[in-house]
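Coordinates from input-v8.cif are shown below (mmCIF, C-alpha atoms).
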```
data_run
#
loop_
_atom_site.label_atom_id
_atom_site.label_comp_id
_atom_site.auth_asym_id
_atom_site.auth_seq_id
_atom_site.Cartn_x
_atom_site.Cartn_y
_atom_site.Cartn_z
CA MET A 1 3.22 39.03 -30.42
CA ASN A 2 4.60 37.70 -33.70
CA LYS A 3 5.28 34.37 -32.02
CA TYR A 4 1.63 33.92 -31.06
CA LYS A 5 0.50 34.87 -34.55
CA LYS A 6 2.80 32.20 -35.97
CA ILE A 7 1.50 29.55 -33.54
CA THR A 8 -2.10 30.43 -34.43
CA LEU A 9 -1.52 30.37 -38.19
CA ASP A 10 0.39 27.09 -37.92
CA GLY A 11 -2.41 25.45 -35.96
CA ILE A 12 -5.21 26.61 -38.20
CA ILE A 13 -3.62 26.48 -41.64
CA PHE A 14 -0.02 25.37 -42.19
CA SER A 15 -0.05 22.34 -39.90
CA ASN A 16 -3.79 21.89 -39.68
CA PRO A 17 -4.30 18.64 -37.76
CA THR A 18 -7.02 17.37 -40.10
CA PHE A 19 -5.84 18.38 -43.54
CA MET A 20 -2.06 18.64 -43.30
CA LEU A 21 -1.16 16.08 -40.61
CA VAL A 22 -4.17 13.74 -41.08
CA LEU A 23 -4.56 13.09 -37.35
CA GLY A 24 -7.69 12.11 -35.47
CA THR A 25 -9.26 10.50 -38.50
CA CYS A 26 -11.68 8.15 -36.70
CA PRO A 27 -13.91 10.84 -35.10
CA THR A 28 -13.59 12.97 -38.24
CA LEU A 29 -14.99 10.30 -40.52
CA ALA A 30 -17.67 9.19 -38.08
CA MET A 31 -18.88 12.71 -37.31
CA ILE A 32 -18.89 14.28 -40.78
CA SER A 33 -21.11 11.45 -42.01
CA LYS A 34 -23.55 12.34 -39.23
CA GLY A 35 -23.86 15.97 -40.28
CA ALA A 36 -22.62 19.46 -39.51
CA ILE A 37 -23.96 19.78 -35.96
CA SER A 38 -22.34 16.57 -34.72
CA ALA A 39 -19.11 17.50 -36.50
CA ALA A 40 -19.01 20.97 -34.94
CA GLY A 41 -19.86 19.52 -31.51
CA MET A 42 -17.05 16.99 -31.78
CA GLY A 43 -14.66 19.74 -32.85
CA LEU A 44 -15.59 21.91 -29.88
CA CYS A 45 -15.17 19.01 -27.44
CA VAL A 46 -11.68 18.36 -28.81
CA LEU A 47 -10.97 22.12 -28.62
CA VAL A 48 -11.85 22.18 -24.92
CA VAL A 49 -9.94 19.00 -24.05
CA LEU A 50 -6.91 20.02 -26.12
CA THR A 51 -6.67 23.53 -24.63
CA LEU A 52 -7.05 22.33 -21.04
CA SER A 53 -4.65 19.42 -21.48
CA ASN A 54 -2.07 21.70 -23.11
CA ILE A 55 -2.36 24.18 -20.23
CA ILE A 56 -2.09 21.52 -17.51
CA ILE A 57 0.73 19.61 -19.18
CA SER A 58 2.82 22.71 -19.86
CA ALA A 59 2.25 23.88 -16.28
CA LEU A 60 3.45 20.51 -14.99
CA ARG A 61 6.22 20.04 -17.55
CA LYS A 62 9.03 20.52 -14.96
CA VAL A 63 7.33 18.20 -12.43
CA ILE A 64 6.56 15.19 -14.64
CA PRO A 65 9.57 12.85 -14.91
CA ASN A 66 10.62 12.22 -18.49
CA GLN A 67 10.44 8.41 -18.34
CA VAL A 68 6.78 8.19 -17.32
CA ARG A 69 5.50 11.22 -19.19
CA ILE A 70 3.19 9.35 -21.58
CA PRO A 71 1.14 7.60 -18.83
CA CYS A 72 0.92 10.94 -17.01
CA TYR A 73 -0.40 12.66 -20.13
CA ILE A 74 -2.92 9.88 -20.65
CA VAL A 75 -4.23 10.23 -17.08
CA ILE A 76 -4.63 13.99 -17.51
CA ILE A 77 -6.38 13.61 -20.86
CA ALA A 78 -8.64 10.78 -19.65
CA THR A 79 -9.70 12.85 -16.64
CA LEU A 80 -10.53 15.84 -18.84
CA VAL A 81 -12.50 13.67 -21.27
CA THR A 82 -14.47 12.17 -18.39
CA LEU A 83 -15.29 15.69 -17.17
CA VAL A 84 -16.38 16.87 -20.62
CA GLN A 85 -18.47 13.72 -21.01
CA MET A 86 -20.26 14.32 -17.70
CA VAL A 87 -20.94 17.98 -18.50
CA LEU A 88 -22.33 17.11 -21.93
CA GLU A 89 -24.49 14.29 -20.56
CA LYS A 90 -26.03 16.68 -18.06
CA PHE A 91 -26.47 19.84 -20.13
CA LEU A 92 -26.53 18.79 -23.81
CA PRO A 93 -28.02 15.27 -23.88
CA ASP A 94 -28.87 15.45 -27.61
CA LEU A 95 -25.30 16.20 -28.60
CA TYR A 96 -24.09 13.56 -26.13
CA ASP A 97 -26.23 10.94 -27.88
CA SER A 98 -25.13 11.91 -31.37
CA LEU A 99 -21.42 11.90 -30.44
CA GLY A 100 -21.89 8.51 -28.80
CA THR A 101 -18.82 6.37 -28.32
CA PHE A 102 -16.53 8.82 -30.08
CA LEU A 103 -16.71 11.23 -27.17
CA ALA A 104 -14.81 8.73 -25.02
CA LEU A 105 -12.45 8.00 -27.87
CA ILE A 106 -11.04 11.56 -27.65
CA VAL A 107 -8.63 9.95 -25.14
CA VAL A 108 -6.95 8.02 -27.93
CA ASN A 109 -7.19 10.91 -30.39
CA CYS A 110 -3.69 11.44 -31.73
CA ILE A 111 -4.13 15.24 -31.89
CA VAL A 112 -4.37 15.65 -28.11
CA LEU A 113 -1.46 13.37 -27.23
CA GLY A 114 0.47 14.65 -30.25
CA ARG A 115 0.26 18.31 -29.20
CA ALA A 116 1.15 17.39 -25.61
CA GLU A 117 4.24 15.51 -26.76
CA ALA A 118 5.32 17.85 -29.55
CA PHE A 119 4.46 21.25 -28.11
CA ALA A 120 3.13 21.54 -24.56
CA ASN A 121 6.04 19.88 -22.80
CA LYS A 122 8.52 22.34 -24.29
CA HIS A 123 6.67 25.67 -24.15
CA THR A 124 5.21 28.08 -21.62
CA VAL A 125 1.61 27.93 -20.44
CA LEU A 126 0.44 30.87 -22.53
CA GLU A 127 2.03 29.56 -25.71
CA SER A 128 0.61 26.10 -25.11
CA ALA A 129 -2.86 27.53 -24.52
CA THR A 130 -2.63 29.45 -27.81
CA ASP A 131 -1.45 26.32 -29.56
CA GLY A 132 -4.32 24.29 -28.10
CA ILE A 133 -6.93 26.83 -29.14
CA ALA A 134 -5.41 27.20 -32.63
CA ASN A 135 -5.21 23.46 -33.27
CA GLY A 136 -8.66 22.90 -31.83
CA LEU A 137 -10.05 25.66 -34.05
CA GLY A 138 -8.32 24.16 -37.07
CA PHE A 139 -9.87 20.78 -36.26
CA THR A 140 -13.32 22.29 -35.61
CA LEU A 141 -13.31 24.35 -38.82
CA ALA A 142 -12.21 21.39 -40.91
CA LEU A 143 -14.85 19.10 -39.39
CA THR A 144 -17.63 21.67 -39.71
CA LEU A 145 -16.85 22.42 -43.36
CA MET A 146 -16.75 18.75 -44.31
CA GLY A 147 -19.83 18.09 -42.18
CA ILE A 148 -21.75 20.78 -44.08
CA VAL A 149 -20.79 19.24 -47.43
CA CYS A 150 -21.66 15.70 -46.29
CA GLU A 151 -24.96 16.77 -44.77
CA PHE A 152 -25.92 18.75 -47.87
CA PHE A 153 -25.33 15.84 -50.24
CA GLY A 154 -26.56 13.23 -47.81
CA SER A 155 -29.90 14.76 -46.84
CA GLY A 156 -30.22 18.13 -48.60
CA ALA A 157 -30.08 19.91 -45.24
CA LEU A 158 -27.90 22.58 -43.67
CA PHE A 159 -27.37 22.32 -39.88
CA GLY A 160 -30.57 20.28 -39.66
CA PHE A 161 -32.74 22.61 -41.78
CA LYS A 162 -33.97 21.08 -44.99
CA ILE A 163 -33.26 23.31 -47.98
CA MET A 164 -33.29 20.94 -50.95
CA ASP A 165 -35.41 17.91 -51.66
CA PHE A 166 -32.84 15.33 -52.58
CA LYS A 167 -30.88 12.63 -50.85
CA ILE A 168 -27.76 10.66 -51.78
CA LYS A 169 -27.64 8.06 -49.06
CA MET A 170 -23.99 7.25 -49.61
CA PHE A 171 -22.88 10.62 -48.25
CA SER A 172 -24.36 9.91 -44.83
CA SER A 173 -22.27 6.74 -44.51
CA PRO A 174 -18.52 6.21 -43.97
CA ALA A 175 -18.03 5.72 -47.73
CA GLY A 176 -19.18 9.25 -48.54
CA ALA A 177 -17.20 10.62 -45.60
CA PHE A 178 -14.04 8.98 -46.97
CA ILE A 179 -14.58 10.55 -50.39
CA ILE A 180 -15.30 14.03 -49.00
CA TYR A 181 -12.31 13.82 -46.65
CA GLY A 182 -9.96 12.70 -49.42
CA LEU A 183 -11.10 15.38 -51.83
CA SER A 184 -10.93 18.05 -49.10
CA ILE A 185 -7.31 17.16 -48.30
CA ALA A 186 -6.47 17.33 -52.01
CA LEU A 187 -8.16 20.71 -52.39
CA PHE A 188 -6.54 22.11 -49.23
CA THR A 189 -3.02 21.04 -50.21
CA TYR A 190 -3.62 22.37 -53.73
CA ILE A 191 -4.68 25.80 -52.41
CA ILE A 192 -1.74 25.94 -49.99
CA ASP A 193 0.62 24.94 -52.81
CA VAL A 194 -0.70 27.61 -55.17
CA THR A 195 -0.61 30.41 -52.60
CA GLN A 196 2.85 29.40 -51.40
CA ARG A 197 4.11 29.38 -54.98
CA ALA A 198 2.59 32.81 -55.62
CA ARG A 199 4.24 34.15 -52.48
CA ARG A 200 7.57 32.58 -53.39
CA VAL A 201 7.45 34.18 -56.85
CA LYS A 202 6.71 37.52 -55.22
CA VAL A 203 9.59 37.08 -52.79
CA ASN A 204 11.91 36.07 -55.63
CA ARG A 205 10.96 39.10 -57.68
CA PHE A 206 11.48 41.32 -54.66
CA THR A 207 14.91 39.93 -53.90
CA ARG A 208 15.92 40.10 -57.54
CA LYS A 209 14.88 43.74 -57.69
CA ASN A 210 16.88 44.43 -54.55
CA LEU A 211 19.90 42.71 -55.99
CA LEU A 212 19.59 44.70 -59.19
CA ASN A 213 19.21 47.87 -57.17
CA GLU A 214 22.27 47.10 -55.12
CA ARG A 215 24.35 46.27 -58.14
CA ASN A 216 23.14 49.34 -60.01
CA SER A 217 23.59 51.66 -57.06
CA ALA A 218 27.17 50.47 -56.99
CA ASP A 219 27.33 51.53 -60.63
CA GLY A 220 25.64 54.79 -59.76
CA THR A 221 22.23 54.16 -61.43
CA GLU A 222 18.80 53.31 -59.91
CA VAL A 223 16.26 50.83 -61.28
CA LYS A 224 12.65 51.92 -61.12
CA ALA A 225 10.08 49.26 -60.03
CA MET B 1 -26.58 -20.62 -35.36
CA ASN B 2 -25.77 -17.97 -32.80
CA PHE B 3 -22.13 -18.54 -33.56
CA VAL B 4 -22.59 -18.04 -37.31
CA LEU B 5 -24.60 -14.90 -36.65
CA LEU B 6 -21.93 -13.56 -34.37
CA VAL B 7 -19.15 -14.22 -36.88
CA LEU B 8 -21.10 -12.62 -39.73
CA SER B 9 -21.98 -9.64 -37.59
CA ALA B 10 -18.45 -9.08 -36.33
CA VAL B 11 -16.59 -9.61 -39.59
CA LEU B 12 -18.95 -8.21 -42.20
CA THR B 13 -22.05 -6.27 -41.15
CA ASN B 14 -20.48 -4.41 -38.23
CA ASN B 15 -16.96 -4.28 -39.57
CA PHE B 16 -14.83 -2.06 -37.36
CA ILE B 17 -13.17 -0.05 -40.12
CA THR B 18 -15.75 0.26 -42.85
CA VAL B 19 -18.94 0.54 -40.81
CA LYS B 20 -17.93 1.89 -37.40
CA THR B 21 -14.83 3.84 -38.53
CA TYR B 22 -12.70 2.71 -35.59
CA GLY B 23 -8.96 2.34 -36.06
CA ILE B 24 -8.55 4.47 -39.16
CA CYS B 25 -5.05 5.64 -38.18
CA PRO B 26 -3.38 2.21 -38.61
CA PHE B 27 -5.70 1.54 -41.55
CA LEU B 28 -4.22 4.49 -43.43
CA GLY B 29 -0.78 4.50 -41.85
CA VAL B 30 0.37 0.87 -41.86
CA SER B 31 -1.29 -0.41 -45.04
CA LYS B 32 1.51 0.47 -47.46
CA ASN B 33 2.41 -3.20 -48.02
CA THR B 34 0.64 -6.46 -47.30
CA LYS B 35 3.26 -7.81 -44.90
CA SER B 36 3.00 -4.93 -42.45
CA ALA B 37 -0.79 -4.87 -42.83
CA VAL B 38 -0.99 -8.52 -41.75
CA GLY B 39 1.38 -7.88 -38.82
CA MET B 40 -0.67 -4.93 -37.60
CA GLY B 41 -3.94 -6.79 -38.09
CA VAL B 42 -2.82 -9.82 -36.10
CA ALA B 43 -1.42 -7.66 -33.31
CA VAL B 44 -4.66 -5.66 -33.06
CA THR B 45 -6.74 -8.86 -33.06
CA ILE B 46 -4.78 -10.35 -30.17
CA VAL B 47 -4.87 -7.15 -28.11
CA MET B 48 -8.61 -6.66 -28.74
CA ALA B 49 -9.47 -10.18 -27.55
CA LEU B 50 -7.18 -9.91 -24.51
CA ALA B 51 -8.46 -6.45 -23.62
CA THR B 52 -12.05 -7.67 -23.60
CA LEU B 53 -11.02 -10.71 -21.54
CA VAL B 54 -9.43 -8.49 -18.90
CA THR B 55 -11.75 -5.47 -18.81
CA TYR B 56 -14.99 -7.45 -18.66
CA PRO B 57 -14.35 -8.97 -15.20
CA ILE B 58 -12.87 -5.68 -13.96
CA TYR B 59 -16.03 -3.85 -14.96
CA LYS B 60 -18.40 -6.52 -13.63
CA PHE B 61 -16.70 -7.43 -10.36
CA ILE B 62 -14.74 -4.35 -9.33
CA MET B 63 -16.19 -1.22 -10.86
CA THR B 64 -19.91 -2.01 -10.73
CA PRO B 65 -20.02 -3.03 -7.02
CA LEU B 66 -17.91 0.00 -6.06
CA ASN B 67 -20.10 2.33 -8.15
CA ILE B 68 -17.16 3.83 -10.00
CA THR B 69 -18.23 2.95 -13.52
CA PHE B 70 -17.90 6.60 -14.57
CA LEU B 71 -14.11 6.17 -14.27
CA TRP B 72 -14.09 3.51 -16.98
CA ILE B 73 -12.04 5.56 -19.46
CA ILE B 74 -9.12 5.92 -17.06
CA PHE B 75 -9.33 2.28 -15.93
CA PHE B 76 -9.56 0.79 -19.40
CA ILE B 77 -6.85 2.88 -21.00
CA PHE B 78 -4.48 1.82 -18.22
CA VAL B 79 -5.41 -1.83 -18.57
CA ILE B 80 -4.82 -1.65 -22.32
CA ALA B 81 -1.48 0.14 -21.92
CA ALA B 82 -0.29 -2.38 -19.35
CA LEU B 83 -1.50 -5.27 -21.49
CA VAL B 84 0.34 -4.01 -24.55
CA GLN B 85 3.56 -3.52 -22.58
CA MET B 86 3.28 -7.01 -21.12
CA LEU B 87 2.54 -8.61 -24.47
CA GLU B 88 5.52 -6.83 -26.01
CA ALA B 89 7.85 -8.10 -23.28
CA ILE B 90 6.49 -11.67 -23.53
CA ILE B 91 6.78 -11.80 -27.32
CA ARG B 92 10.29 -10.38 -27.22
CA LYS B 93 11.34 -13.09 -24.75
CA VAL B 94 9.49 -16.06 -26.24
CA SER B 95 9.92 -15.55 -29.95
CA PRO B 96 12.32 -12.90 -31.26
CA SER B 97 11.40 -13.64 -34.88
CA LEU B 98 7.73 -12.94 -34.20
CA TYR B 99 8.79 -9.79 -32.35
CA ASN B 100 10.65 -8.60 -35.42
CA THR B 101 7.59 -8.92 -37.63
CA MET B 102 4.91 -7.82 -35.17
CA GLY B 103 6.62 -6.07 -32.27
CA VAL B 104 7.03 -2.70 -33.91
CA TYR B 105 3.27 -2.32 -34.20
CA LEU B 106 2.52 -3.17 -30.59
CA PRO B 107 3.25 0.22 -28.97
CA LEU B 108 1.04 1.90 -31.58
CA ILE B 109 -1.95 -0.16 -30.47
CA THR B 110 -2.35 1.61 -27.13
CA THR B 111 -3.73 4.64 -28.91
CA ASN B 112 -5.87 2.65 -31.32
CA CYS B 113 -9.57 3.47 -31.10
CA ALA B 114 -10.48 -0.08 -32.08
CA VAL B 115 -9.23 -1.49 -28.78
CA LEU B 116 -10.88 1.07 -26.50
CA GLY B 117 -13.95 0.85 -28.70
CA VAL B 118 -14.26 -2.90 -28.32
CA THR B 119 -13.83 -2.80 -24.56
CA GLN B 120 -16.68 -0.34 -24.12
CA LEU B 121 -18.95 -2.45 -26.32
CA PHE B 122 -19.34 -5.19 -23.75
CA ASN B 123 -19.31 -3.32 -20.53
CA GLY B 124 -22.72 -1.73 -20.52
CA VAL B 125 -21.08 1.55 -21.46
CA THR B 126 -22.91 1.54 -24.78
CA GLU B 127 -25.98 -0.24 -26.10
CA LEU B 128 -24.04 -1.81 -28.95
CA GLY B 129 -23.19 -4.91 -26.90
CA ALA B 130 -26.81 -6.07 -27.17
CA ILE B 131 -25.89 -8.66 -29.78
CA VAL B 132 -23.65 -10.45 -27.34
CA ASN B 133 -25.37 -9.70 -24.07
CA GLY B 134 -28.70 -10.81 -25.55
CA VAL B 135 -27.42 -14.21 -26.58
CA THR B 136 -26.89 -15.83 -23.22
CA GLU B 137 -27.43 -15.26 -19.56
CA GLY B 138 -24.69 -15.70 -17.02
CA VAL B 139 -21.50 -13.71 -16.64
CA TRP B 140 -18.94 -16.28 -17.74
CA LEU B 141 -20.86 -17.37 -20.84
CA ASN B 142 -21.27 -13.70 -21.71
CA LEU B 143 -17.55 -13.23 -21.30
CA GLY B 144 -16.92 -16.09 -23.73
CA TRP B 145 -19.19 -14.53 -26.35
CA ALA B 146 -17.67 -11.10 -25.82
CA VAL B 147 -14.14 -12.42 -26.32
CA LEU B 148 -15.24 -14.36 -29.42
CA TYR B 149 -16.89 -11.23 -30.81
CA SER B 150 -13.75 -9.15 -30.22
CA LEU B 151 -11.64 -11.85 -31.83
CA PHE B 152 -13.79 -11.87 -34.96
CA ALA B 153 -14.01 -8.08 -35.02
CA GLY B 154 -10.21 -8.22 -35.14
CA VAL B 155 -10.43 -10.71 -38.01
CA GLY B 156 -12.67 -8.25 -39.87
CA PHE B 157 -10.15 -5.49 -39.16
CA THR B 158 -7.32 -7.64 -40.57
CA LEU B 159 -9.41 -8.52 -43.63
CA VAL B 160 -9.99 -4.88 -44.52
CA MET B 161 -6.33 -4.02 -43.82
CA ILE B 162 -5.23 -6.74 -46.29
CA ILE B 163 -7.68 -5.57 -48.99
CA MET B 164 -6.51 -1.99 -48.51
CA SER B 165 -2.81 -2.89 -48.67
CA GLY B 166 -3.44 -4.76 -51.92
CA MET B 167 -5.16 -1.72 -53.36
CA ARG B 168 -2.36 0.59 -52.28
CA GLU B 169 0.30 -1.66 -53.77
CA LYS B 170 -1.55 -1.41 -57.07
CA LEU B 171 -1.97 2.35 -56.62
CA ASN B 172 1.80 2.74 -56.39
CA CYS B 173 2.02 1.81 -60.06
CA CYS B 174 -0.51 4.46 -61.11
CA LYS B 175 0.15 8.05 -61.92
CA VAL B 176 -2.12 10.42 -60.00
CA SER B 177 -2.15 14.20 -59.97
CA LYS B 178 0.18 15.80 -57.44
CA SER B 179 -2.35 17.08 -54.94
CA LEU B 180 -4.16 13.72 -54.84
CA GLU B 181 -0.98 11.77 -54.05
CA GLY B 182 -0.69 9.92 -50.75
CA PHE B 183 -3.60 10.17 -48.32
CA PRO B 184 -6.32 11.58 -50.59
CA ILE B 185 -6.14 8.84 -53.21
CA SER B 186 -5.94 6.11 -50.54
CA MET B 187 -9.03 7.57 -48.88
CA ILE B 188 -10.95 7.49 -52.13
CA ALA B 189 -9.84 3.89 -52.57
CA ALA B 190 -11.02 3.18 -49.01
CA ALA B 191 -14.40 4.67 -49.90
CA PHE B 192 -14.87 1.90 -52.46
CA ILE B 193 -14.10 -0.77 -49.86
CA CYS B 194 -16.71 0.88 -47.61
CA MET B 195 -19.25 0.81 -50.41
CA ALA B 196 -18.62 -2.92 -50.88
CA PHE B 197 -19.16 -3.49 -47.17
CA MET B 198 -22.36 -1.42 -47.21
CA VAL B 199 -23.96 -4.27 -49.16
CA PHE B 200 -23.41 -6.65 -46.23
CA ALA B 201 -25.49 -4.35 -44.02
CA GLN B 202 -28.52 -5.47 -46.05
CA ILE B 203 -28.15 -9.08 -44.87
CA LYS B 204 -31.17 -10.12 -42.82
CA VAL B 205 -31.08 -13.40 -40.94
#
```
Do you think you could lay out the structure here as structure tokens?
Amino acid sequence: MNKYKKITLDGIIFSNPTFMLVLGTCPTLAMISKGAISAAGMGLCVLVVLTLSNIIISALRKVIPNQVRIPCYIVIIATLVTLVQMVLEKFLPDLYDSLGTFLALIVVNCIVLGRAEAFANKHTVLESATDGIANGLGFTLALTLMGIVCEFFGSGALFGFKIMDFKIKMFSSPAGAFIIYGLSIALFTYIIDVTQRARRVKVNRFTRKNLLNERNSADGTEVKA
Amino acid sequence: MNFVLLVLSAVLTNNFITVKTYGICPFLGVSKNTKSAVGMGVAVTIVMALATLVTYPIYKFIMTPLNITFLWIIFFIFVIAALVQMLEAIIRKVSPSLYNTMGVYLPLITTNCAVLGVTQLFNGVTELGAIVNGVTEGVWLNLGWAVLYSLFAGVGFTLVMIIMSGMREKLNCCKVSKSLEGFPISMIAAAFICMAFMVFAQIKV
């Protein structure tokens, strides 16, 4: 179980595709400048494609010859994207319109191909599915958060509902998206850094106490906390 | 006049990086110095023009009559991949010195949104091709305009890459706080390029 917990945490936080690895930047920038709903929709589409492609690729990992694996992955991913596109066009036409060309561009999204190459072709189906869901969730959360910020500053709205009467037009264009994305990465790495440092200090203190205890128990005395 | 309009539209008002946000991965990844930025830009320009040249007839004469236009993603990505492989082999054979400066960037282009983005512009997949498709009637003339547009879109891409690489070379000399180092500060720099390009969107002809 510990293994799955590690995969999930890695996907969502420690190797978050958006903030830590900076992959799939084109849809990120285009969608967060359009607002939270488009951003969340894009994230969910990538989540679906990534999970399915991870499952299929890891199931076929012993069948696909090593030399032609990249074209095989691309066919699988392109098929899945076409399917998602058709489903969205039929059932969610509004979201389909707002995602526009970037829906098709999931094919060339580095996250999907990256996870296939780095994870799915070496691990079992269940692990790969977990990895796909975790990475997709990490991507979706990152996009939604940044989309909320961009939408708030750009039009004073939250998920399409107007709550404030102001508008900074720059934040609903790629320029504002770039700034929000850059600052978010900085903030995310800062938070990770601080928490990691805190944990490391705790671990150090713990090990030092243990060492002291061991040394002192050899002397015949105990150290209290 | 149409030609001037097309060039202005492709290079400035509809710039691929700053307005449409296509091809951000090479924009952030390969813009550390001006030499590699130029290499990447030229390679992308060539592949974009060639990809439009090849996919346009395929879409018009093979996929539309057979009613399989919904398979365009699979078709186009294969055409682009094959094209890039072929170009790499040709350049390696014809001019090894050019291969040394440009060849390393070629395999990266297959997964560049800019190329797939430009091919879908002109194939009725999106409405954005109206600029070109509205200019002339007739398939072959349209093809000429589409290839020209892709070529100049590539020029716009290269232009922004060069500006960005210049900015990043200057940024190397600056001291920034630790968490802003690397991607975040380059993205904030890119935001200023985008703001400059936003002004061109106001041009009315």
TODO: May I have the residues within 8 Å of region 101-108 of chain A as a VMD selection string, using all atoms listed in the file and disregarding those fewer than 2 positions away in the same chain?
DONE: (chain A and resid 27 42 45 to 46 74 77 to 78 81 to 82 85 96 99 110 112 to 113) or (chain B and resid 73 110 to 113 116 to 117 126)
Task: Picked residues, the PyMOL selection byres ((chain B) within 8 of (chain A)), expected as a PyMOL selection string - done: chain B and resi 18-25+70-71+73-74+110-113+116-117+126+179-180+183-188+190-195
Task: Selection near region 26-32 of chain B, 9 Å with all atoms listed in the file, sequence-local residues under 6 positions removed, as JSON, numbers by chain - done: {"B": [17, 38, 40, 105, 108, 109, 112, 157, 160, 161, 162, 164, 165, 166, 168, 169, 183, 186, 187, 190]}
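One finds CA of Leu143 (chain B) at 20.5 Å from CA of Asn67 (chain B).
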TODO: For region 56-63 of chain A, work out the shell of residues within 6 Å, counting only C-alpha atoms and skipping chain neighbours fewer than 2 positions away, then give it as a PyMOL selection string.
DONE: chain A and resi 53-54+120-121+125
Quick one: axis-aligned box around all listed atoms of region 46-56 of chain B, 6 Å on every side, centre and edge lengths in Å to one decimal, written as JSON.
```
{"center_x": -9.9, "center_y": -8.1, "center_z": -24.4, "size_x": 22.2, "size_y": 17.2, "size_z": 23.5}
```
Task: Spatial neighbours of Gly35 (chain A), max dist 12 Å, only C-alpha atoms, sep filter under 5 positions, as a PyMOL selection string - done: chain A and resi 28-30+40-42+95+98-99+143-161+171-174+176-177
- [ ] Please evaluate the PyMOL selection byres ((chain B and resi 145-149) around 7) against the displayed coordinates and give the resulting residues as a list of chain:residue names.
- [x]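 Written out, the selection comes to B:Leu6, B:Ala10, B:Ala49, B:Thr52, B:Leu53, B:Phe122, B:Val132, B:Leu141, B:Asn142, B:Leu143, B:Gly144, B:Ser150, B:Leu151, B:Phe152, B:Ala153.
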Open item on the list: Between A:Leu9, A:Ala134, A:Ile192, A:Ile70, which residue has the minimum interatomic distance to Pro107 (chain B), considering all atoms listed in the file?
Closed with: A:Ile70
- [ ] Pick out the closest residue to Phe16 (chain B) from this set: B:Gln202, B:Thr158, B:Ser177, B:Thr34. Count all atoms listed in the file.
- [x]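 With all atoms listed in the file as the atom set, the closest residue is B:Thr158.
Rounded to one decimal, CA of Met86 (chain B) and CA of Leu106 (chain B) lie 10.2 Å from each other.
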TODO: Quick one: pull the distance between CA of Lys122 (chain A) and CA of Leu80 (chain A), Å, one decimal.
DONE: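 Straight-line distance from CA of Lys122 (chain A) to CA of Leu80 (chain A) works out to 20.9 Å.
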Open item on the list: My list of candidates is A:Ala39, A:Ile133, A:Ala142, A:Ile55. Which is closest to Gly11 (chain A) when distances are computed with all atoms listed in the file?
Closed with: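 With all atoms listed in the file as the atom set, the closest residue is A:Ile133.
Minimum atom-to-atom distances from B:Ile90, B:Val155, B:Leu12, B:Val118 to Val54 (chain B) were compared using only C-alpha atoms, and the lowest value belongs to B:Val118.
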- [ ] Apply the PyMOL selection byres ((chain A and resi 139) around 8) to the file shown and report the selected residues as an NGL selection string.
- [x] :A and (12 or 16-18 or 43 or 47 or 135-138 or 140-143)
Just to be explicit: take each residue in the selection above, keep C-alpha atoms, and write the result as a PDB file, in the frame of the given file.
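Generated output (again_10.pdb):
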```pdb
ATOM      1  CA  ILE A  12      -5.210  26.610 -38.200  1.00  0.00           C
ATOM      2  CA  ASN A  16      -3.790  21.890 -39.680  1.00  0.00           C
ATOM      3  CA  PRO A  17      -4.300  18.640 -37.760  1.00  0.00           C
ATOM      4  CA  THR A  18      -7.020  17.370 -40.100  1.00  0.00           C
ATOM      5  CA  GLY A  43     -14.660  19.740 -32.850  1.00  0.00           C
ATOM      6  CA  LEU A  47     -10.970  22.120 -28.620  1.00  0.00           C
ATOM      7  CA  ASN A 135      -5.210  23.460 -33.270  1.00  0.00           C
ATOM      8  CA  GLY A 136      -8.660  22.900 -31.830  1.00  0.00           C
ATOM      9  CA  LEU A 137     -10.050  25.660 -34.050  1.00  0.00           C
ATOM     10  CA  GLY A 138      -8.320  24.160 -37.070  1.00  0.00           C
ATOM     11  CA  THR A 140     -13.320  22.290 -35.610  1.00  0.00           C
ATOM     12  CA  LEU A 141     -13.310  24.350 -38.820  1.00  0.00           C
ATOM     13  CA  ALA A 142     -12.210  21.390 -40.910  1.00  0.00           C
ATOM     14  CA  LEU A 143     -14.850  19.100 -39.390  1.00  0.00           C
TER      15      LEU A 143
END
```
- [ ] May I have the residues within 10 Å of Leu87 (chain B) as a ChimeraX atom specification, using all atoms listed in the file and disregarding those fewer than 4 positions away in the same chain?
- [x] /B:43,46-47,50,81-83,91-93,103,106-107
Open item on the list: For a quick check of understanding, using only C-alpha atoms, which of A:Val201, A:His123, A:Leu21, A:Tyr73 has the smallest distance to Leu50 (chain A)?
Closed with: A:Tyr73
